[in-house]
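Asks: Hey, dropping input37.pdb in here, PDB, C-alpha atoms:
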```
ATOM      1  CA  MET A  27     -24.686 -27.860  28.136
ATOM      2  CA  ARG A  28     -24.735 -26.366  24.599
ATOM      3  CA  GLU A  29     -27.662 -28.545  23.615
ATOM      4  CA  TRP A  30     -29.547 -27.544  26.766
ATOM      5  CA  ILE A  31     -28.947 -23.835  25.990
ATOM      6  CA  GLU A  32     -30.197 -24.352  22.444
ATOM      7  CA  GLN A  33     -33.333 -26.002  23.801
ATOM      8  CA  GLN A  34     -33.854 -23.072  26.176
ATOM      9  CA  GLU A  35     -33.586 -20.680  23.236
ATOM     10  CA  GLN A  36     -36.382 -22.536  21.468
ATOM     11  CA  HIS A  37     -38.606 -22.292  24.546
ATOM     12  CA  ASN A  38     -37.742 -18.786  25.751
ATOM     13  CA  LEU A  39     -36.934 -16.628  22.728
ATOM     14  CA  CYS A  40     -39.627 -15.015  20.610
ATOM     15  CA  SER A  41     -40.710 -16.447  17.261
ATOM     16  CA  TRP A  42     -38.647 -13.974  15.219
ATOM     17  CA  ALA A  43     -35.401 -14.381  17.179
ATOM     18  CA  THR A  44     -32.313 -15.902  15.559
ATOM     19  CA  LEU A  45     -31.700 -19.333  17.082
ATOM     20  CA  SER A  46     -28.186 -20.662  17.500
ATOM     21  CA  GLN A  47     -29.263 -23.970  16.008
ATOM     22  CA  SER A  48     -30.396 -22.159  12.844
ATOM     23  CA  SER A  49     -27.119 -20.374  12.153
ATOM     24  CA  ARG A  50     -25.885 -20.418   8.561
ATOM     25  CA  GLY A  51     -22.548 -21.532   9.993
ATOM     26  CA  ARG A  52     -18.929 -20.604   9.370
ATOM     27  CA  GLU A  53     -16.763 -20.422   6.276
ATOM     28  CA  GLN A  54     -14.534 -23.106   7.776
ATOM     29  CA  PRO A  55     -16.451 -25.958   9.486
ATOM     30  CA  LEU A  56     -15.761 -26.188  13.204
ATOM     31  CA  GLU A  57     -16.601 -28.935  15.678
ATOM     32  CA  PRO A  58     -19.345 -27.635  18.009
ATOM     33  CA  CYS A  59     -18.316 -26.634  21.514
ATOM     34  CA  ALA A  60     -19.678 -28.797  24.327
ATOM     35  CA  LEU A  61     -20.447 -25.799  26.550
ATOM     36  CA  ARG A  62     -21.179 -22.795  24.308
ATOM     37  CA  THR A  63     -23.496 -22.059  21.428
ATOM     38  CA  CYS A  64     -21.967 -20.842  18.176
ATOM     39  CA  PHE A  65     -22.814 -17.219  19.005
ATOM     40  CA  GLN A  66     -21.361 -17.466  22.522
ATOM     41  CA  ARG A  67     -18.216 -18.860  20.950
ATOM     42  CA  ASP A  68     -18.062 -15.920  18.507
ATOM     43  CA  ARG A  69     -18.460 -13.465  21.367
ATOM     44  CA  ASP A  70     -15.527 -15.055  23.173
ATOM     45  CA  ARG A  71     -13.348 -15.118  20.044
ATOM     46  CA  ILE A  72     -13.911 -11.389  19.589
ATOM     47  CA  LEU A  73     -13.409 -10.585  23.262
ATOM     48  CA  HIS A  74     -10.034 -12.363  23.359
ATOM     49  CA  CYS A  75      -8.625 -11.109  20.036
ATOM     50  CA  LYS A  76      -5.840  -8.548  19.719
ATOM     51  CA  SER A  77      -7.943  -6.069  17.736
ATOM     52  CA  PHE A  78     -10.417  -5.837  20.615
ATOM     53  CA  ARG A  79      -7.666  -5.090  23.132
ATOM     54  CA  ARG A  80      -6.286  -2.330  20.913
ATOM     55  CA  LEU A  81      -9.611  -0.442  21.107
ATOM     56  CA  GLY A  82      -8.577   0.720  24.581
ATOM     57  CA  ASN A  83      -6.048   3.108  23.039
ATOM     58  CA  LYS A  84      -8.040   4.271  20.030
ATOM     59  CA  THR A  85      -9.747   7.653  20.024
ATOM     60  CA  GLN A  86     -13.514   7.934  20.127
ATOM     61  CA  VAL A  87     -13.802  11.745  19.714
ATOM     62  CA  PHE A  88     -11.182  13.433  21.883
ATOM     63  CA  ILE A  89      -7.568  12.560  21.091
ATOM     64  CA  SER A  90      -5.243  11.941  24.043
ATOM     65  CA  PRO A  91      -7.473  13.806  26.490
ATOM     66  CA  GLU A  92      -5.992  15.081  29.730
ATOM     67  CA  GLY A  93      -8.900  13.748  31.791
ATOM     68  CA  ASP A  94      -9.392  10.082  32.637
ATOM     69  CA  HIS A  95     -13.129   9.945  31.962
ATOM     70  CA  TYR A  96     -13.430  10.535  28.217
ATOM     71  CA  ARG A  97     -14.572   7.597  26.123
ATOM     72  CA  ALA A  98     -12.132   5.611  24.034
ATOM     73  CA  ARG A  99     -13.243   3.235  21.297
ATOM     74  CA  LEU A 100     -13.295   0.357  23.802
ATOM     75  CA  THR A 101     -15.585   2.067  26.302
ATOM     76  CA  HIS A 102     -17.875   3.070  23.436
ATOM     77  CA  THR A 103     -18.018  -0.584  22.374
ATOM     78  CA  LEU A 104     -18.917  -1.724  25.888
ATOM     79  CA  GLU A 105     -21.691   0.873  26.115
ATOM     80  CA  VAL A 106     -23.091  -0.272  22.765
ATOM     81  CA  ALA A 107     -23.043  -3.879  23.986
ATOM     82  CA  GLN A 108     -24.880  -2.981  27.194
ATOM     83  CA  ILE A 109     -27.589  -1.021  25.375
ATOM     84  CA  ALA A 110     -27.998  -3.688  22.695
ATOM     85  CA  ARG A 111     -28.231  -6.520  25.229
ATOM     86  CA  THR A 112     -30.880  -4.665  27.223
ATOM     87  CA  ILE A 113     -33.033  -4.261  24.113
ATOM     88  CA  ALA A 114     -32.483  -7.858  22.988
ATOM     89  CA  ARG A 115     -33.390  -9.256  26.394
ATOM     90  CA  ALA A 116     -36.546  -7.160  26.660
ATOM     91  CA  LEU A 117     -37.686  -8.324  23.201
ATOM     92  CA  ARG A 118     -36.684 -11.954  23.890
ATOM     93  CA  LEU A 119     -34.220 -11.935  20.995
ATOM     94  CA  ASN A 120     -30.846 -13.701  20.976
ATOM     95  CA  GLU A 121     -28.738 -11.812  23.492
ATOM     96  CA  ASP A 122     -25.548 -13.765  22.736
ATOM     97  CA  LEU A 123     -25.706 -12.956  19.024
ATOM     98  CA  THR A 124     -26.465  -9.317  19.811
ATOM     99  CA  GLU A 125     -23.502  -9.072  22.182
ATOM    100  CA  ALA A 126     -21.097 -10.701  19.725
ATOM    101  CA  ILE A 127     -22.043  -8.234  16.974
ATOM    102  CA  ALA A 128     -21.800  -5.279  19.356
ATOM    103  CA  LEU A 129     -18.360  -6.270  20.636
ATOM    104  CA  GLY A 130     -17.044  -6.695  17.093
ATOM    105  CA  HIS A 131     -18.695  -3.788  15.323
ATOM    106  CA  ASP A 132     -15.832  -1.262  15.697
ATOM    107  CA  LEU A 133     -12.764  -3.518  15.478
ATOM    108  CA  GLY A 134     -11.837  -1.819  12.200
ATOM    109  CA  HIS A 135     -11.683   1.747  13.470
ATOM    110  CA  THR A 136      -8.506   3.692  12.802
ATOM    111  CA  PRO A 137      -6.258   5.508  15.256
ATOM    112  CA  PHE A 138      -7.296   9.130  15.944
ATOM    113  CA  GLY A 139     -11.037   8.585  15.537
ATOM    114  CA  HIS A 140     -13.059  10.253  12.790
ATOM    115  CA  VAL A 141     -10.058  12.275  11.608
ATOM    116  CA  GLY A 142      -7.994   9.126  11.127
ATOM    117  CA  GLU A 143     -10.782   7.475   9.173
ATOM    118  CA  LYS A 144     -11.070  10.485   6.844
ATOM    119  CA  VAL A 145      -7.317  10.459   6.211
ATOM    120  CA  LEU A 146      -7.235   6.748   5.345
ATOM    121  CA  ASP A 147     -10.335   7.085   3.198
ATOM    122  CA  ALA A 148      -8.618   9.793   1.175
ATOM    123  CA  LEU A 149      -5.442   7.722   0.859
ATOM    124  CA  CYS A 150      -6.810   4.299   0.020
ATOM    125  CA  GLY A 151     -10.614   4.223   0.285
ATOM    126  CA  PHE A 152     -11.682   3.182   3.759
ATOM    127  CA  ARG A 153     -14.871   2.352   5.676
ATOM    128  CA  HIS A 154     -14.495   1.177   9.250
ATOM    129  CA  ASN A 155     -17.410  -1.285   9.097
ATOM    130  CA  GLU A 156     -15.867  -2.992   6.064
ATOM    131  CA  GLN A 157     -12.511  -3.029   7.842
ATOM    132  CA  SER A 158     -14.136  -4.620  10.909
ATOM    133  CA  LEU A 159     -15.382  -7.416   8.673
ATOM    134  CA  ARG A 160     -11.965  -7.746   7.020
ATOM    135  CA  ILE A 161     -10.348  -8.091  10.440
ATOM    136  CA  VAL A 162     -12.557 -10.945  11.593
ATOM    137  CA  GLU A 163     -12.455 -12.694   8.206
ATOM    138  CA  ARG A 164      -8.824 -12.282   7.145
ATOM    139  CA  LEU A 165      -6.498 -10.398   9.501
ATOM    140  CA  GLU A 166      -6.921 -11.660  13.059
ATOM    141  CA  ARG A 167      -5.005 -14.683  14.319
ATOM    142  CA  ASN A 168      -1.965 -13.854  12.205
ATOM    143  CA  GLY A 169      -3.912 -13.686   8.970
ATOM    144  CA  ALA A 170      -6.232 -16.648   9.505
ATOM    145  CA  GLY A 171      -9.266 -14.686  10.694
ATOM    146  CA  LEU A 172     -11.636 -15.551  13.540
ATOM    147  CA  ASN A 173     -13.916 -17.794  11.447
ATOM    148  CA  LEU A 174     -17.124 -16.299  12.878
ATOM    149  CA  THR A 175     -20.655 -17.288  12.006
ATOM    150  CA  TRP A 176     -22.424 -15.664   9.060
ATOM    151  CA  GLU A 177     -24.902 -13.855  11.336
ATOM    152  CA  VAL A 178     -22.195 -12.119  13.369
ATOM    153  CA  ARG A 179     -20.262 -11.074  10.262
ATOM    154  CA  ASP A 180     -23.445  -9.734   8.661
ATOM    155  CA  GLY A 181     -24.277  -7.690  11.753
ATOM    156  CA  ILE A 182     -20.766  -6.250  11.963
ATOM    157  CA  VAL A 183     -20.611  -4.991   8.382
ATOM    158  CA  CYS A 184     -24.199  -3.672   8.467
ATOM    159  CA  HIS A 185     -23.975  -1.767  11.755
ATOM    160  CA  THR A 186     -23.622   1.557   9.919
ATOM    161  CA  GLY A 187     -24.527   2.927   6.513
ATOM    162  CA  SER A 188     -27.428   1.974   4.294
ATOM    163  CA  ARG A 189     -27.013  -1.822   4.426
ATOM    164  CA  LYS A 190     -29.575  -3.517   6.671
ATOM    165  CA  ALA A 191     -28.580  -6.507   8.771
ATOM    166  CA  GLN A 192     -30.431  -9.706   7.980
ATOM    167  CA  THR A 193     -31.125 -10.531  11.636
ATOM    168  CA  PRO A 194     -33.117  -8.491  14.173
ATOM    169  CA  GLU A 195     -30.130  -8.756  16.511
ATOM    170  CA  GLY A 196     -27.890  -7.099  13.924
ATOM    171  CA  ARG A 197     -30.444  -4.332  13.452
ATOM    172  CA  ILE A 198     -30.492  -3.731  17.214
ATOM    173  CA  VAL A 199     -26.747  -3.011  17.149
ATOM    174  CA  HIS A 200     -27.260  -0.468  14.350
ATOM    175  CA  PHE A 201     -29.560   1.538  16.635
ATOM    176  CA  ALA A 202     -27.615   0.845  19.846
ATOM    177  CA  ASP A 203     -24.470   2.270  18.246
ATOM    178  CA  ARG A 204     -26.228   5.577  17.596
ATOM    179  CA  ILE A 205     -27.931   5.662  20.992
ATOM    180  CA  ALA A 206     -24.543   5.163  22.648
ATOM    181  CA  TYR A 207     -22.436   7.675  20.735
ATOM    182  CA  VAL A 208     -25.063  10.412  20.532
ATOM    183  CA  ASN A 209     -25.380  10.374  24.305
ATOM    184  CA  HIS A 210     -21.816   9.760  25.414
ATOM    185  CA  ASP A 211     -20.398  12.247  22.894
ATOM    186  CA  ILE A 212     -22.698  14.915  24.351
ATOM    187  CA  ASP A 213     -21.465  13.933  27.810
ATOM    188  CA  ASP A 214     -17.795  14.164  26.763
ATOM    189  CA  ALA A 215     -18.324  17.438  24.867
ATOM    190  CA  ILE A 216     -19.837  19.056  27.971
ATOM    191  CA  ARG A 217     -16.952  17.715  30.054
ATOM    192  CA  ALA A 218     -14.486  19.198  27.552
ATOM    193  CA  GLY A 219     -16.206  22.600  27.674
ATOM    194  CA  LEU A 220     -17.110  22.617  23.985
ATOM    195  CA  ILE A 221     -20.823  22.957  24.766
ATOM    196  CA  ASN A 222     -23.053  23.287  27.793
ATOM    197  CA  GLN A 223     -26.443  21.829  28.595
ATOM    198  CA  ASN A 224     -28.265  24.920  27.341
ATOM    199  CA  ASP A 225     -26.689  24.594  23.888
ATOM    200  CA  LEU A 226     -28.520  21.319  23.204
ATOM    201  CA  PRO A 227     -31.665  21.514  21.031
ATOM    202  CA  GLN A 228     -34.287  22.110  23.699
ATOM    203  CA  ASP A 229     -37.164  20.469  21.853
ATOM    204  CA  CYS A 230     -35.121  17.251  21.809
ATOM    205  CA  ILE A 231     -34.256  17.578  25.489
ATOM    206  CA  ARG A 232     -37.884  18.084  26.467
ATOM    207  CA  LEU A 233     -38.819  14.887  24.644
ATOM    208  CA  LEU A 234     -35.833  12.692  25.516
ATOM    209  CA  GLY A 235     -34.772  13.972  28.930
ATOM    210  CA  GLY A 236     -32.309  16.361  30.504
ATOM    211  CA  THR A 237     -29.650  13.876  31.600
ATOM    212  CA  HIS A 238     -27.471  11.262  29.932
ATOM    213  CA  GLY A 239     -29.262   8.410  31.709
ATOM    214  CA  GLU A 240     -32.759   9.728  31.050
ATOM    215  CA  ARG A 241     -32.144  10.001  27.309
ATOM    216  CA  ILE A 242     -30.771   6.471  27.060
ATOM    217  CA  ASP A 243     -33.721   5.095  29.048
ATOM    218  CA  VAL A 244     -36.234   6.853  26.811
ATOM    219  CA  MET A 245     -34.581   5.630  23.601
ATOM    220  CA  ILE A 246     -34.282   2.044  24.825
ATOM    221  CA  ALA A 247     -37.871   1.975  26.098
ATOM    222  CA  ASP A 248     -39.082   3.330  22.765
ATOM    223  CA  MET A 249     -37.251   0.589  20.852
ATOM    224  CA  VAL A 250     -38.738  -2.061  23.118
ATOM    225  CA  ASP A 251     -42.250  -0.640  22.665
ATOM    226  CA  TYR A 252     -41.735  -0.459  18.902
ATOM    227  CA  GLY A 253     -40.472  -4.034  18.745
ATOM    228  CA  ARG A 254     -43.336  -5.434  20.793
ATOM    229  CA  GLN A 255     -45.893  -3.571  18.714
ATOM    230  CA  TYR A 256     -44.531  -4.200  15.212
ATOM    231  CA  ARG A 257     -42.302  -7.301  15.651
ATOM    232  CA  ALA A 258     -39.508  -5.310  14.045
ATOM    233  CA  ILE A 259     -36.485  -3.268  15.094
ATOM    234  CA  GLY A 260     -36.888   0.489  14.986
ATOM    235  CA  MET A 261     -38.034   3.621  16.787
ATOM    236  CA  ASN A 262     -41.201   5.621  16.747
ATOM    237  CA  ASP A 263     -40.914   8.681  14.508
ATOM    238  CA  ASP A 264     -40.795  11.358  17.211
ATOM    239  CA  ILE A 265     -38.036   9.654  19.223
ATOM    240  CA  HIS A 266     -36.013   8.751  16.136
ATOM    241  CA  GLU A 267     -36.235  12.308  14.778
ATOM    242  CA  ALA A 268     -35.098  13.717  18.136
ATOM    243  CA  MET A 269     -32.141  11.319  18.281
ATOM    244  CA  MET A 270     -31.125  12.206  14.733
ATOM    245  CA  ALA A 271     -31.449  15.922  15.517
ATOM    246  CA  LEU A 272     -28.999  15.475  18.397
ATOM    247  CA  ARG A 273     -26.707  13.542  16.070
ATOM    248  CA  ALA A 274     -26.852  16.388  13.524
ATOM    249  CA  PHE A 275     -26.111  18.841  16.336
ATOM    250  CA  LEU A 276     -22.942  16.884  17.207
ATOM    251  CA  PHE A 277     -21.744  16.796  13.608
ATOM    252  CA  ARG A 278     -22.408  20.522  13.308
ATOM    253  CA  THR A 279     -21.045  21.842  16.596
ATOM    254  CA  VAL A 280     -18.868  19.250  18.369
ATOM    255  CA  TYR A 281     -16.977  16.998  15.972
ATOM    256  CA  PRO A 282     -15.475  19.854  13.909
ATOM    257  CA  ARG A 283     -14.203  21.468  17.134
ATOM    258  CA  ALA A 284     -13.005  18.344  18.961
ATOM    259  CA  LEU A 285      -9.654  18.748  17.217
ATOM    260  CA  ASP A 286      -8.338  22.122  16.138
ATOM    261  CA  GLU A 287      -7.080  22.704  12.599
ATOM    262  CA  LYS A 288      -3.404  22.359  13.495
ATOM    263  CA  ASP A 289      -3.891  19.020  15.266
ATOM    264  CA  THR A 290      -6.057  17.783  12.409
ATOM    265  CA  GLN A 291      -3.233  18.597  10.013
ATOM    266  CA  LYS A 292      -0.766  16.806  12.309
ATOM    267  CA  VAL A 293      -2.881  13.640  12.319
ATOM    268  CA  GLY A 294      -3.036  13.808   8.535
ATOM    269  CA  ALA A 295       0.715  14.281   8.316
ATOM    270  CA  VAL A 296       1.441  11.335  10.625
ATOM    271  CA  LEU A 297      -0.855   8.841   8.895
ATOM    272  CA  SER A 298       0.071  10.002   5.389
ATOM    273  CA  ALA A 299       3.773   9.710   6.154
ATOM    274  CA  LEU A 300       3.292   6.197   7.551
ATOM    275  CA  TYR A 301       1.197   5.156   4.569
ATOM    276  CA  HIS A 302       3.703   6.350   1.981
ATOM    277  CA  TYR A 303       6.684   4.970   3.921
ATOM    278  CA  PHE A 304       5.317   1.450   4.219
ATOM    279  CA  ASN A 305       4.181   1.466   0.597
ATOM    280  CA  ARG A 306       7.867   1.945  -0.252
ATOM    281  CA  HIS A 307       9.001  -0.601   2.374
ATOM    282  CA  ILE A 308       6.522  -3.471   2.154
ATOM    283  CA  ASP A 309       9.126  -5.836   3.578
ATOM    284  CA  GLU A 310       8.866  -4.024   6.948
ATOM    285  CA  LEU A 311       5.205  -4.958   7.437
ATOM    286  CA  PRO A 312       4.473  -7.800   9.894
ATOM    287  CA  GLU A 313       4.284 -11.103   8.033
ATOM    288  CA  TYR A 314       0.580 -11.720   8.586
ATOM    289  CA  TYR A 315      -0.319  -8.445   6.856
ATOM    290  CA  LYS A 316       1.585  -9.645   3.794
ATOM    291  CA  LYS A 317      -0.200 -13.001   3.578
ATOM    292  CA  HIS A 318      -2.943 -11.647   1.325
ATOM    293  CA  ILE A 319      -0.713  -9.811  -1.159
ATOM    294  CA  ARG A 320      -1.509 -11.078  -4.642
ATOM    295  CA  THR A 321       1.285 -11.687  -7.132
ATOM    296  CA  GLU A 322      -0.473 -12.884 -10.290
ATOM    297  CA  SER A 323       0.094  -9.503 -11.970
ATOM    298  CA  GLU A 324       1.975  -6.283 -11.276
ATOM    299  CA  GLU A 325      -1.281  -4.329 -10.897
ATOM    300  CA  ALA A 326      -2.780  -6.896  -8.512
ATOM    301  CA  GLN A 327       0.380  -6.865  -6.423
ATOM    302  CA  LYS A 328       0.454  -3.072  -6.255
ATOM    303  CA  GLN A 329      -3.184  -2.858  -5.160
ATOM    304  CA  SER A 330      -2.907  -5.607  -2.576
ATOM    305  CA  GLU A 331       0.298  -4.102  -1.158
ATOM    306  CA  ALA A 332      -1.495  -0.778  -0.682
ATOM    307  CA  ARG A 333      -4.355  -2.652   1.018
ATOM    308  CA  ALA A 334      -1.894  -4.399   3.340
ATOM    309  CA  VAL A 335      -0.392  -1.049   4.318
ATOM    310  CA  CYS A 336      -3.860   0.328   4.985
ATOM    311  CA  ASP A 337      -4.650  -2.730   7.128
ATOM    312  CA  TYR A 338      -1.491  -2.211   9.160
ATOM    313  CA  ILE A 339      -2.053   1.498   9.803
ATOM    314  CA  ALA A 340      -5.765   1.079  10.541
ATOM    315  CA  GLY A 341      -4.885  -1.487  13.184
ATOM    316  CA  MET A 342      -2.511   0.847  15.010
ATOM    317  CA  THR A 343      -3.457   2.445  18.303
ATOM    318  CA  ASP A 344      -2.978   6.187  18.709
ATOM    319  CA  ARG A 345       0.115   5.574  20.812
ATOM    320  CA  PHE A 346       1.691   3.079  18.414
ATOM    321  CA  ALA A 347       1.083   5.315  15.388
ATOM    322  CA  ILE A 348       2.840   8.212  17.119
ATOM    323  CA  SER A 349       5.761   6.081  18.322
ATOM    324  CA  THR A 350       6.200   4.494  14.884
ATOM    325  CA  TYR A 351       6.196   7.912  13.242
ATOM    326  CA  SER A 352       8.760   9.165  15.765
ATOM    327  CA  GLU A 353      11.000   6.164  15.210
ATOM    328  CA  LEU A 354      10.898   6.553  11.426
ATOM    329  CA  PHE A 355      11.032  10.322  10.999
ATOM    330  CA  VAL A 356      12.261  12.033  14.180
ATOM    331  CA  PRO A 357      16.056  12.005  14.717
ATOM    332  CA  LYS A 358      16.945  10.350  18.022
ATOM    333  CA  CYS A 359      19.137  13.280  18.939
ATOM    334  CA  TRP A 360      15.935  15.420  19.130
ATOM    335  CA  ASN A 361      14.494  13.288  21.929
ATOM    336  CA  ILE A 362      15.476  15.762  24.604
ATOM    337  CA  LYS A 363      14.356  14.853  28.129
TER     338      LYS A 363
END
```
Output the structure of this file as C-alpha cells.
Replies:
Amino acid sequence: MREWIEQQEQHNLCSWATLSQSSRGREQPLEPCALRTCFQRDRDRILHCKSFRRLGNKTQVFISPEGDHYRARLTHTLEVAQIARTIARALRLNEDLTEAIALGHDLGHTPFGHVGEKVLDALCGFRHNEQSLRIVERLERNGAGLNLTWEVRDGIVCHTGSRKAQTPEGRIVHFADRIAYVNHDIDDAIRAGLINQNDLPQDCIRLLGGTHGERIDVMIADMVDYGRQYRAIGMNDDIHEAMMALRAFLFRTVYPRALDEKDTQKVGAVLSALYHYFNRHIDELPEYYKKHIRTESEEAQKQSEARAVCDYIAGMTDRFAISTYSELFVPKCWNIK
C-alpha cells in the first residue's frame, strides 16, 4: 500500500511538490511502514502524542472563557490544518506533509497563551516554534522524541518568524497559521464584546469580505491563484497587505485587552513562582524532563536544569499550572467549599 501511494504521488502531485520517497529521512533510521508513507506516519505520531492532547486545555487568546465556543490552542491547530490542506490539495502539493506540519506547529505553546509565552521568554528565553521542535525531537515519548522526518521538523520550526521553510508545504503552514488566527481571533473578540464588526478596518473588509467564512475563502483562493501563477507559496500584495492590516489591528486593539492588567499580573505570578520553585527542587521534575540535564560542568548543569524547568512549565495546560501552583503555595485550609 505504501509503495502504491508513493507511485500515486509521482503521478498526481505537481513537479515542485515534496514526494514521500524523496524525504531526507529521520535522525534515527526506521523500518518503513507497509501501509503509510513517512509523512502519514509523522502525522499519526503527532496526532497520538501527549503534547497534542494537552493543546485542548491551552489558551489561544481568551483564558478560561465562560462560553463554550472560544478557540483553544487545539481548535486553532485543527483550523490551521484544514486551511493548509485545502491549499495543498488545490496546488497538488503533498497534503500529508502539510497536515503533519500543521498538526505539530504549536505543540510548544505555553499555558495562558501569549501572556504565558512572554513570561517564560522573560524568565528563560522562549520561542514557541523552537519549543515545538524541541518537543518532537527530545521531549515526547518520555524523553525519546517522536523521530519525525526532516521535512516535518523544518516546517514546524519555520512556521513563524523570519526563517523560511525549505518545502512548499512548510511555507503553506506559515500562511495558513496567520489566515486562521487573524480570522478566528476576530470572531472570538466580537463574541467577547471587545470589538464589533464596525470597528474592523473597513478597507480590509471591503477587499476580503464581511464574514469569517468570506475572508478565509478569499485568502485561500488568493494563495491558490498565486501558487498556480508563480509556482511558489505566497499571496498577492493587496490581499497580503489587508491580512497583515487585520493582524496589526488585533495586536493593537484586541490582544492587549483580552486579559486585564490584574489577570496578566496573576499569570506572571503563577508561572514565575513555578519556575523558581522547580529550579530549587529539580528532583521533583518528572524523570523524562531530567534526561537531558548535562553534568560535565557546574555551569552546564545549571543551564540545562533551568531548561528542563522551562520545558516542564511550557508543557503544562492552564488547568494543571493552576492546580500545581495551588498545591505548592496555597494552604489546604484555605480551600473553602
Asks: Using all atoms listed in the file for the distances, tell me which of A:Ser323, A:Thr279, A:Thr343, A:Thr193 is nearest to A:Leu220.
Replies: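 Result for the nearest residue to A:Leu220: A:Thr279.
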Asks: Out of A:Ile31, A:Leu311, A:Ile348, A:Leu285, which residue has the shortest atom-to-atom distance to A:Ala332 when counting all atoms listed in the file?
Replies: A:Leu311
Asks: Which one is closest to A:Val199: A:Gly239, A:Pro357, A:Gly130, A:Gly139? Count all atoms listed in the file.
Replies: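 Using all atoms listed in the file, the shortest distance to A:Val199 belongs to A:Gly130.
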Asks: So that I can check the surroundings of A:Asn168, please list as a list in words every protein, DNA and RNA residue that reaches within 12 Å of it, counting all atoms listed in the file and ignoring chain neighbours fewer than 5 positions away.
Replies: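 Counting only the stated atoms, we get Cys75, Lys76, Ser77, Ile161, Val162, Glu163, Pro312, Glu313, Tyr314, Tyr315, Lys316, Lys317 and His318 of chain A.
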Asks: Decode the PyMOL selection byres ((chain A and resi 246) around 12) for the given file into explicit residues and return them as a PyMOL selection string.
Replies: chain A and resi 106+108-117+198-199+201-206+234+239-245+247-253+259-262+265-266+269
Asks: Hey, can you check how far atom CA of A:Ala284 sits from atom CA of A:His135?
Replies: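 Atom CA of A:His135 lies at a distance of 17.5 Å from atom CA of A:Ala284.
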Asks: Atom CA of A:Arg118 to atom CA of A:Ala258: how many Å, to one decimal?
Replies: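 The value is 12.2 Å.
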Asks: Within 10 Å of stretch 41-54 of chain A, which residues of stretch 64-86 of chain A come that close, and what is the closest atom pair and distance in Å for each? Count all atoms listed in the file and give it as a tab-separated table.
Replies:
```
residue	atom	partner	partner_atom	distance
A:Cys64	CA	A:Ser46	CA	6.3
A:Phe65	CA	A:Ser46	CA	6.6
A:Gln66	CA	A:Ser46	CA	9.1
```
Asks: Just give me the residues with any atom within 12 Å of (-20.1, 19.2, 13.7), file coordinates, counting only C-alpha atoms, written as an mmCIF file with C-alpha atoms, in the frame of the given file.
Replies:
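Here's the written file out14.cif:
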```
data_model
loop_
_atom_site.group_PDB
_atom_site.id
_atom_site.type_symbol
_atom_site.label_atom_id
_atom_site.label_comp_id
_atom_site.auth_asym_id
_atom_site.auth_seq_id
_atom_site.Cartn_x
_atom_site.Cartn_y
_atom_site.Cartn_z
ATOM 1 C CA VAL A 87 -13.802 11.745 19.714
ATOM 2 C CA HIS A 140 -13.059 10.253 12.790
ATOM 3 C CA ASP A 211 -20.398 12.247 22.894
ATOM 4 C CA ILE A 212 -22.698 14.915 24.351
ATOM 5 C CA ALA A 215 -18.324 17.438 24.867
ATOM 6 C CA LEU A 220 -17.110 22.617 23.985
ATOM 7 C CA ILE A 221 -20.823 22.957 24.766
ATOM 8 C CA ALA A 271 -31.449 15.922 15.517
ATOM 9 C CA LEU A 272 -28.999 15.475 18.397
ATOM 10 C CA ARG A 273 -26.707 13.542 16.070
ATOM 11 C CA ALA A 274 -26.852 16.388 13.524
ATOM 12 C CA PHE A 275 -26.111 18.841 16.336
ATOM 13 C CA LEU A 276 -22.942 16.884 17.207
ATOM 14 C CA PHE A 277 -21.744 16.796 13.608
ATOM 15 C CA ARG A 278 -22.408 20.522 13.308
ATOM 16 C CA THR A 279 -21.045 21.842 16.596
ATOM 17 C CA VAL A 280 -18.868 19.250 18.369
ATOM 18 C CA TYR A 281 -16.977 16.998 15.972
ATOM 19 C CA PRO A 282 -15.475 19.854 13.909
ATOM 20 C CA ARG A 283 -14.203 21.468 17.134
ATOM 21 C CA ALA A 284 -13.005 18.344 18.961
ATOM 22 C CA LEU A 285 -9.654 18.748 17.217
#
```
Asks: Report, in Å with one decimal, the straight-line distance from atom CA of A:Trp176 to atom CA of A:Gln327.
Replies: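 For atom CA of A:Trp176 relative to atom CA of A:Gln327, the distance reads 28.9 Å.
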